[in-house]
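Worksheet for the structure shown next.
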Amino acid sequence: PRAGAAAAADPSVSAVWVARTCQQLAAKLFNASQPRRAACLAGCCVEQLRRAAGGGAEEAALLCSAHQIGAHSGLQAKPPAPLEARRHVLAAIQIRCAALDEEGGGAEGGGGAGAAASRPSVRDLCALHVSCLVRGVSEGVLSDDGAELDHVVWALPPPARRLVVRLELEETAQQLGRLREAAAARYLHRYAEAAGRRLLGL
């Protein structure tokens, strides 16, 4: 009853409650191998949080988690939606990096106390981003001659930018060791070269 009264008095509280419910249902649907439905609920979570007036740790954690679910769902959907997945994961990286200083956690953002503990690490998000690139080339929606760091990554503050570029280089090297598809391998080679040049210039 008290929560209901608070929600009625403050619409932003109601929006966060709906967002939290959508995020939890999205996670359950994804784990139940229903990626399209999971993606829809993840999108609802993001939309509800846009309506909320607050910008605290809980909202950031929910938003980051919703974008991560959206990215995974985009890759698992049939047919896959790698570009939509990439937009989700880049948004999650941006949110996650903004929270690093607030948490006082490890350099790779492995999570902190309270709401922040539910957030994915920056390393996990970078690995997911590289997977989006590989799937995008495989599905023919990314050209293997256009590999370049995304403007979202380049717009990050310098410490976060260095961290993301380094982690993506490490993940690219790992994926190159496993790839059998020539076009995706070419893309990652060029992406790694572009990332390496940027890292040297940071």
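Residues are named by chain letter and number: chains run A, B, ... in the order of the structure tokens, numbers start at 1 in each chain, and ligands are numbered from 1 in the order shown.
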Residue contacts of segment 194-196 of chain A (7 Å, only C-alpha atoms) excluding same-chain residues fewer than 2 positions away, as a list in words: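 These residues fall inside the cut-off: Glu148, Leu149, Val165, Leu169, Arg190, Tyr191, Ala192, Arg198, Leu199 and Leu200 of chain A.
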Identify, on the basis of only C-alpha atoms, every residue whose closest approach to Arg86 of chain A does not exceed 10 Å; exclude the query and any residue fewer than 4 positions from it along the same chain; express the result as a compact mmCIF listing (two decimals) with all heavy atoms, in the first residue's frame.
```txt
# COMPACT_ATOMS: atom_id res chain seq x y z
N HIS A 67 19.36 -2.77 -21.92
CA HIS A 67 20.08 -2.69 -23.20
C HIS A 67 20.88 -3.97 -23.44
O HIS A 67 20.98 -4.44 -24.59
CB HIS A 67 21.01 -1.49 -23.20
CG HIS A 67 20.32 -0.19 -23.51
ND1 HIS A 67 19.62 0.02 -24.68
CD2 HIS A 67 20.24 0.98 -22.80
CE1 HIS A 67 19.13 1.25 -24.69
NE2 HIS A 67 19.49 1.85 -23.57
N GLN A 68 21.45 -4.55 -22.40
CA GLN A 68 22.19 -5.80 -22.57
C GLN A 68 21.25 -6.92 -23.03
O GLN A 68 21.58 -7.68 -23.95
CB GLN A 68 22.86 -6.20 -21.26
CG GLN A 68 23.73 -7.46 -21.41
CD GLN A 68 24.19 -8.00 -20.07
OE1 GLN A 68 23.51 -7.84 -19.06
NE2 GLN A 68 25.35 -8.63 -20.05
N GLY A 70 18.44 -6.50 -24.61
CA GLY A 70 18.07 -6.16 -25.98
C GLY A 70 19.12 -6.59 -26.99
O GLY A 70 18.80 -7.08 -28.08
N ALA A 71 20.40 -6.41 -26.63
CA ALA A 71 21.49 -6.80 -27.53
C ALA A 71 21.54 -8.32 -27.70
O ALA A 71 21.62 -8.83 -28.82
CB ALA A 71 22.82 -6.28 -26.99
N HIS A 72 21.51 -9.05 -26.60
CA HIS A 72 21.52 -10.51 -26.68
C HIS A 72 20.32 -11.03 -27.47
O HIS A 72 20.44 -11.95 -28.28
CB HIS A 72 21.52 -11.12 -25.28
CG HIS A 72 22.87 -11.17 -24.64
ND1 HIS A 72 23.91 -11.93 -25.15
CD2 HIS A 72 23.36 -10.57 -23.52
CE1 HIS A 72 24.98 -11.79 -24.37
NE2 HIS A 72 24.67 -10.97 -23.39
N GLY A 74 18.63 -9.46 -29.79
CA GLY A 74 18.81 -9.17 -31.21
C GLY A 74 19.69 -10.19 -31.91
O GLY A 74 19.45 -10.54 -33.07
N LEU A 75 20.71 -10.67 -31.21
CA LEU A 75 21.60 -11.66 -31.81
C LEU A 75 20.94 -13.04 -31.88
O LEU A 75 21.22 -13.82 -32.79
CB LEU A 75 22.90 -11.77 -31.00
CG LEU A 75 23.82 -10.55 -31.05
CD1 LEU A 75 25.08 -10.80 -30.23
CD2 LEU A 75 24.19 -10.18 -32.48
N ALA A 81 19.01 -9.58 -35.62
CA ALA A 81 18.97 -8.12 -35.83
C ALA A 81 20.26 -7.52 -35.26
O ALA A 81 20.24 -6.86 -34.23
CB ALA A 81 17.75 -7.52 -35.16
N PRO A 82 21.41 -7.77 -35.92
CA PRO A 82 22.69 -7.35 -35.35
C PRO A 82 22.87 -5.84 -35.22
O PRO A 82 23.55 -5.38 -34.30
CB PRO A 82 23.74 -7.95 -36.30
CG PRO A 82 22.99 -8.20 -37.58
CD PRO A 82 21.59 -8.51 -37.18
N LEU A 90 26.02 -0.59 -27.45
CA LEU A 90 26.76 0.68 -27.37
C LEU A 90 26.14 1.60 -26.32
O LEU A 90 26.85 2.29 -25.58
CB LEU A 90 26.81 1.36 -28.74
CG LEU A 90 27.77 0.72 -29.74
CD1 LEU A 90 27.55 1.31 -31.13
CD2 LEU A 90 29.23 0.91 -29.31
N ALA A 91 24.81 1.60 -26.25
CA ALA A 91 24.14 2.39 -25.21
C ALA A 91 24.51 1.87 -23.83
O ALA A 91 24.75 2.64 -22.89
CB ALA A 91 22.63 2.34 -25.41
N ALA A 92 24.57 0.53 -23.69
CA ALA A 92 24.94 -0.06 -22.40
C ALA A 92 26.37 0.30 -22.02
O ALA A 92 26.66 0.59 -20.86
CB ALA A 92 24.76 -1.58 -22.46
N LEU A 128 30.35 -8.54 -26.11
CA LEU A 128 29.06 -8.57 -26.78
C LEU A 128 29.07 -7.67 -28.02
O LEU A 128 28.51 -8.02 -29.07
CB LEU A 128 27.96 -8.15 -25.81
CG LEU A 128 26.52 -8.13 -26.31
CD1 LEU A 128 26.11 -9.48 -26.88
CD2 LEU A 128 25.58 -7.73 -25.17
N HIS A 129 29.73 -6.52 -27.91
CA HIS A 129 29.81 -5.61 -29.06
C HIS A 129 30.56 -6.25 -30.22
O HIS A 129 30.13 -6.18 -31.38
CB HIS A 129 30.49 -4.30 -28.65
CG HIS A 129 30.54 -3.30 -29.75
ND1 HIS A 129 31.65 -2.52 -30.01
CD2 HIS A 129 29.63 -2.96 -30.70
CE1 HIS A 129 31.41 -1.75 -31.05
NE2 HIS A 129 30.20 -1.99 -31.48
N VAL A 130 31.67 -6.91 -29.93
CA VAL A 130 32.43 -7.57 -30.99
C VAL A 130 31.60 -8.68 -31.63
O VAL A 130 31.62 -8.88 -32.85
CB VAL A 130 33.77 -8.11 -30.45
CG1 VAL A 130 34.51 -8.92 -31.52
CG2 VAL A 130 34.66 -6.95 -29.99
N SER A 131 30.81 -9.39 -30.82
CA SER A 131 29.92 -10.42 -31.37
C SER A 131 28.88 -9.81 -32.31
O SER A 131 28.52 -10.40 -33.33
CB SER A 131 29.20 -11.16 -30.23
OG SER A 131 30.12 -11.88 -29.44
N CYS A 132 28.40 -8.60 -31.96
CA CYS A 132 27.46 -7.90 -32.85
C CYS A 132 28.10 -7.57 -34.19
O CYS A 132 27.47 -7.69 -35.25
CB CYS A 132 26.95 -6.62 -32.19
SG CYS A 132 25.88 -6.86 -30.76
N LEU A 133 29.38 -7.17 -34.15
CA LEU A 133 30.09 -6.85 -35.39
C LEU A 133 30.23 -8.09 -36.27
O LEU A 133 29.98 -8.05 -37.48
CB LEU A 133 31.47 -6.27 -35.07
CG LEU A 133 31.51 -4.97 -34.27
CD1 LEU A 133 32.95 -4.56 -33.98
CD2 LEU A 133 30.80 -3.85 -35.01
N ARG A 135 28.41 -10.84 -36.24
CA ARG A 135 27.11 -11.26 -36.76
C ARG A 135 26.64 -10.30 -37.86
O ARG A 135 26.01 -10.72 -38.84
CB ARG A 135 26.08 -11.32 -35.65
CG ARG A 135 24.69 -11.80 -36.08
CD ARG A 135 24.73 -13.22 -36.65
NE ARG A 135 25.10 -14.17 -35.63
CZ ARG A 135 24.25 -14.75 -34.79
NH1 ARG A 135 22.96 -14.46 -34.86
NH2 ARG A 135 24.67 -15.61 -33.90
N GLY A 136 26.93 -9.02 -37.71
CA GLY A 136 26.54 -8.05 -38.72
C GLY A 136 27.18 -8.32 -40.06
O GLY A 136 26.52 -8.23 -41.11
```
Give me the residues near Gln48 of chain A as a list in words, where near means some atom within 8 Å (using only C-alpha atoms) and where sequence neighbours in that chain fewer than 3 positions away do not count.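 These residues fall inside the cut-off: Ala15, Val16, Val18, Ala19, Cys44, Cys45, Arg51 and Ala52 of chain A.
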Leu49 of chain A: which residues within 12 Å, counting only C-alpha atoms, same-chain residues fewer than 4 positions away excluded, as a VMD selection string? chain A and resid 11 to 23 42 to 45 53 to 56 58 to 67
Go ahead and write the residues just picked, N, CA, C and O atoms, as a tab-separated table (two decimals), in the first residue's frame.
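Everything below was put into selection_13.tsv:
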```
chain	number	residue	atom	x	y	z
A	11	PRO	N	4.90	10.19	-10.27
A	11	PRO	CA	4.84	9.36	-11.48
A	11	PRO	C	6.17	8.70	-11.83
A	11	PRO	O	6.19	7.63	-12.43
A	12	SER	N	7.30	9.33	-11.46
A	12	SER	CA	8.60	8.75	-11.78
A	12	SER	C	8.81	7.44	-11.02
A	12	SER	O	9.45	6.51	-11.52
A	13	VAL	N	8.25	7.35	-9.78
A	13	VAL	CA	8.35	6.10	-9.02
A	13	VAL	C	7.60	5.00	-9.74
A	13	VAL	O	8.06	3.85	-9.86
A	14	SER	N	6.42	5.32	-10.25
A	14	SER	CA	5.62	4.35	-11.00
A	14	SER	C	6.36	3.89	-12.25
A	14	SER	O	6.35	2.71	-12.59
A	15	ALA	N	6.99	4.82	-12.96
A	15	ALA	CA	7.71	4.47	-14.18
A	15	ALA	C	8.88	3.53	-13.88
A	15	ALA	O	9.12	2.58	-14.62
A	16	VAL	N	9.59	3.78	-12.77
A	16	VAL	CA	10.71	2.91	-12.39
A	16	VAL	C	10.20	1.52	-12.02
A	16	VAL	O	10.80	0.50	-12.36
A	17	TRP	N	9.05	1.47	-11.32
A	17	TRP	CA	8.47	0.17	-10.95
A	17	TRP	C	8.10	-0.62	-12.20
A	17	TRP	O	8.39	-1.82	-12.31
A	18	VAL	N	7.46	0.03	-13.17
A	18	VAL	CA	7.10	-0.64	-14.42
A	18	VAL	C	8.36	-1.08	-15.16
A	18	VAL	O	8.43	-2.20	-15.71
A	19	ALA	N	9.38	-0.23	-15.18
A	19	ALA	CA	10.64	-0.56	-15.86
A	19	ALA	C	11.29	-1.78	-15.22
A	19	ALA	O	11.77	-2.68	-15.91
A	20	ARG	N	11.29	-1.83	-13.89
A	20	ARG	CA	11.89	-2.96	-13.18
A	20	ARG	C	11.14	-4.25	-13.52
A	20	ARG	O	11.75	-5.30	-13.76
A	21	THR	N	9.81	-4.17	-13.55
A	21	THR	CA	9.00	-5.34	-13.89
A	21	THR	C	9.28	-5.81	-15.31
A	21	THR	O	9.43	-7.01	-15.58
A	22	CYS	N	9.37	-4.85	-16.25
A	22	CYS	CA	9.66	-5.20	-17.65
A	22	CYS	C	11.03	-5.85	-17.78
A	22	CYS	O	11.20	-6.83	-18.52
A	23	GLN	N	12.00	-5.30	-17.05
A	23	GLN	CA	13.35	-5.86	-17.13
A	23	GLN	C	13.39	-7.29	-16.60
A	23	GLN	O	14.02	-8.18	-17.19
A	42	ALA	N	12.38	-5.44	-23.10
A	42	ALA	CA	13.56	-4.62	-22.82
A	42	ALA	C	13.36	-3.21	-23.36
A	42	ALA	O	13.72	-2.21	-22.72
A	43	GLY	N	12.75	-3.10	-24.54
A	43	GLY	CA	12.44	-1.79	-25.10
A	43	GLY	C	11.44	-1.03	-24.24
A	43	GLY	O	11.56	0.20	-24.08
A	44	CYS	N	10.47	-1.73	-23.69
A	44	CYS	CA	9.50	-1.09	-22.78
A	44	CYS	C	10.20	-0.55	-21.54
A	44	CYS	O	9.88	0.54	-21.05
A	45	CYS	N	11.16	-1.31	-21.03
A	45	CYS	CA	11.93	-0.87	-19.86
A	45	CYS	C	12.66	0.43	-20.16
A	45	CYS	O	12.62	1.39	-19.38
A	53	ALA	N	11.87	10.75	-13.91
A	53	ALA	CA	12.62	11.99	-13.71
A	53	ALA	C	13.98	11.74	-13.08
A	53	ALA	O	14.89	12.54	-13.23
A	54	GLY	N	14.11	10.64	-12.34
A	54	GLY	CA	15.37	10.38	-11.62
A	54	GLY	C	16.48	9.90	-12.54
A	54	GLY	O	16.25	9.50	-13.67
A	55	GLY	N	17.68	9.89	-12.02
A	55	GLY	CA	18.83	9.40	-12.77
A	55	GLY	C	19.80	8.73	-11.84
A	55	GLY	O	21.01	8.84	-12.00
A	56	GLY	N	19.28	8.00	-10.85
A	56	GLY	CA	20.11	7.39	-9.84
A	56	GLY	C	20.69	6.06	-10.25
A	56	GLY	O	20.56	5.61	-11.39
A	58	GLU	N	19.85	2.99	-9.38
A	58	GLU	CA	18.90	1.93	-9.76
A	58	GLU	C	18.46	2.11	-11.20
A	58	GLU	O	18.40	1.14	-11.98
A	59	GLU	N	18.14	3.35	-11.58
A	59	GLU	CA	17.70	3.60	-12.95
A	59	GLU	C	18.81	3.25	-13.95
A	59	GLU	O	18.55	2.63	-14.99
A	60	ALA	N	20.05	3.62	-13.61
A	60	ALA	CA	21.17	3.32	-14.51
A	60	ALA	C	21.39	1.82	-14.64
A	60	ALA	O	21.65	1.31	-15.74
A	61	ALA	N	21.27	1.10	-13.51
A	61	ALA	CA	21.45	-0.35	-13.54
A	61	ALA	C	20.37	-1.02	-14.38
A	61	ALA	O	20.65	-1.92	-15.18
A	62	LEU	N	19.12	-0.59	-14.20
A	62	LEU	CA	18.02	-1.15	-14.99
A	62	LEU	C	18.21	-0.87	-16.48
A	62	LEU	O	17.99	-1.74	-17.33
A	63	LEU	N	18.60	0.37	-16.79
A	63	LEU	CA	18.77	0.76	-18.19
A	63	LEU	C	19.89	-0.04	-18.84
A	63	LEU	O	19.75	-0.54	-19.97
A	64	CYS	N	20.99	-0.20	-18.12
A	64	CYS	CA	22.12	-0.96	-18.65
A	64	CYS	C	21.72	-2.41	-18.88
A	64	CYS	O	22.02	-3.00	-19.92
A	65	SER	N	21.01	-2.99	-17.91
A	65	SER	CA	20.58	-4.38	-18.03
A	65	SER	C	19.59	-4.56	-19.18
A	65	SER	O	19.67	-5.53	-19.94
A	66	ALA	N	18.67	-3.62	-19.33
A	66	ALA	CA	17.69	-3.70	-20.42
A	66	ALA	C	18.38	-3.65	-21.78
A	66	ALA	O	18.03	-4.41	-22.69
A	67	HIS	N	19.36	-2.77	-21.92
A	67	HIS	CA	20.08	-2.69	-23.20
A	67	HIS	C	20.88	-3.97	-23.44
A	67	HIS	O	20.98	-4.44	-24.59
```
If you count only C-alpha atoms, the residue of A:Leu83, A:Leu156, A:Val141, A:Val134 closest to Glu181 of chain A turns out to be A:Val134
So, with only C-alpha atoms as the atoms that count, which of A:Leu142, A:Leu188, A:Ala155, A:Ala160 lies closest to Gln174 of chain A?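 Closest candidate: A:Leu188.
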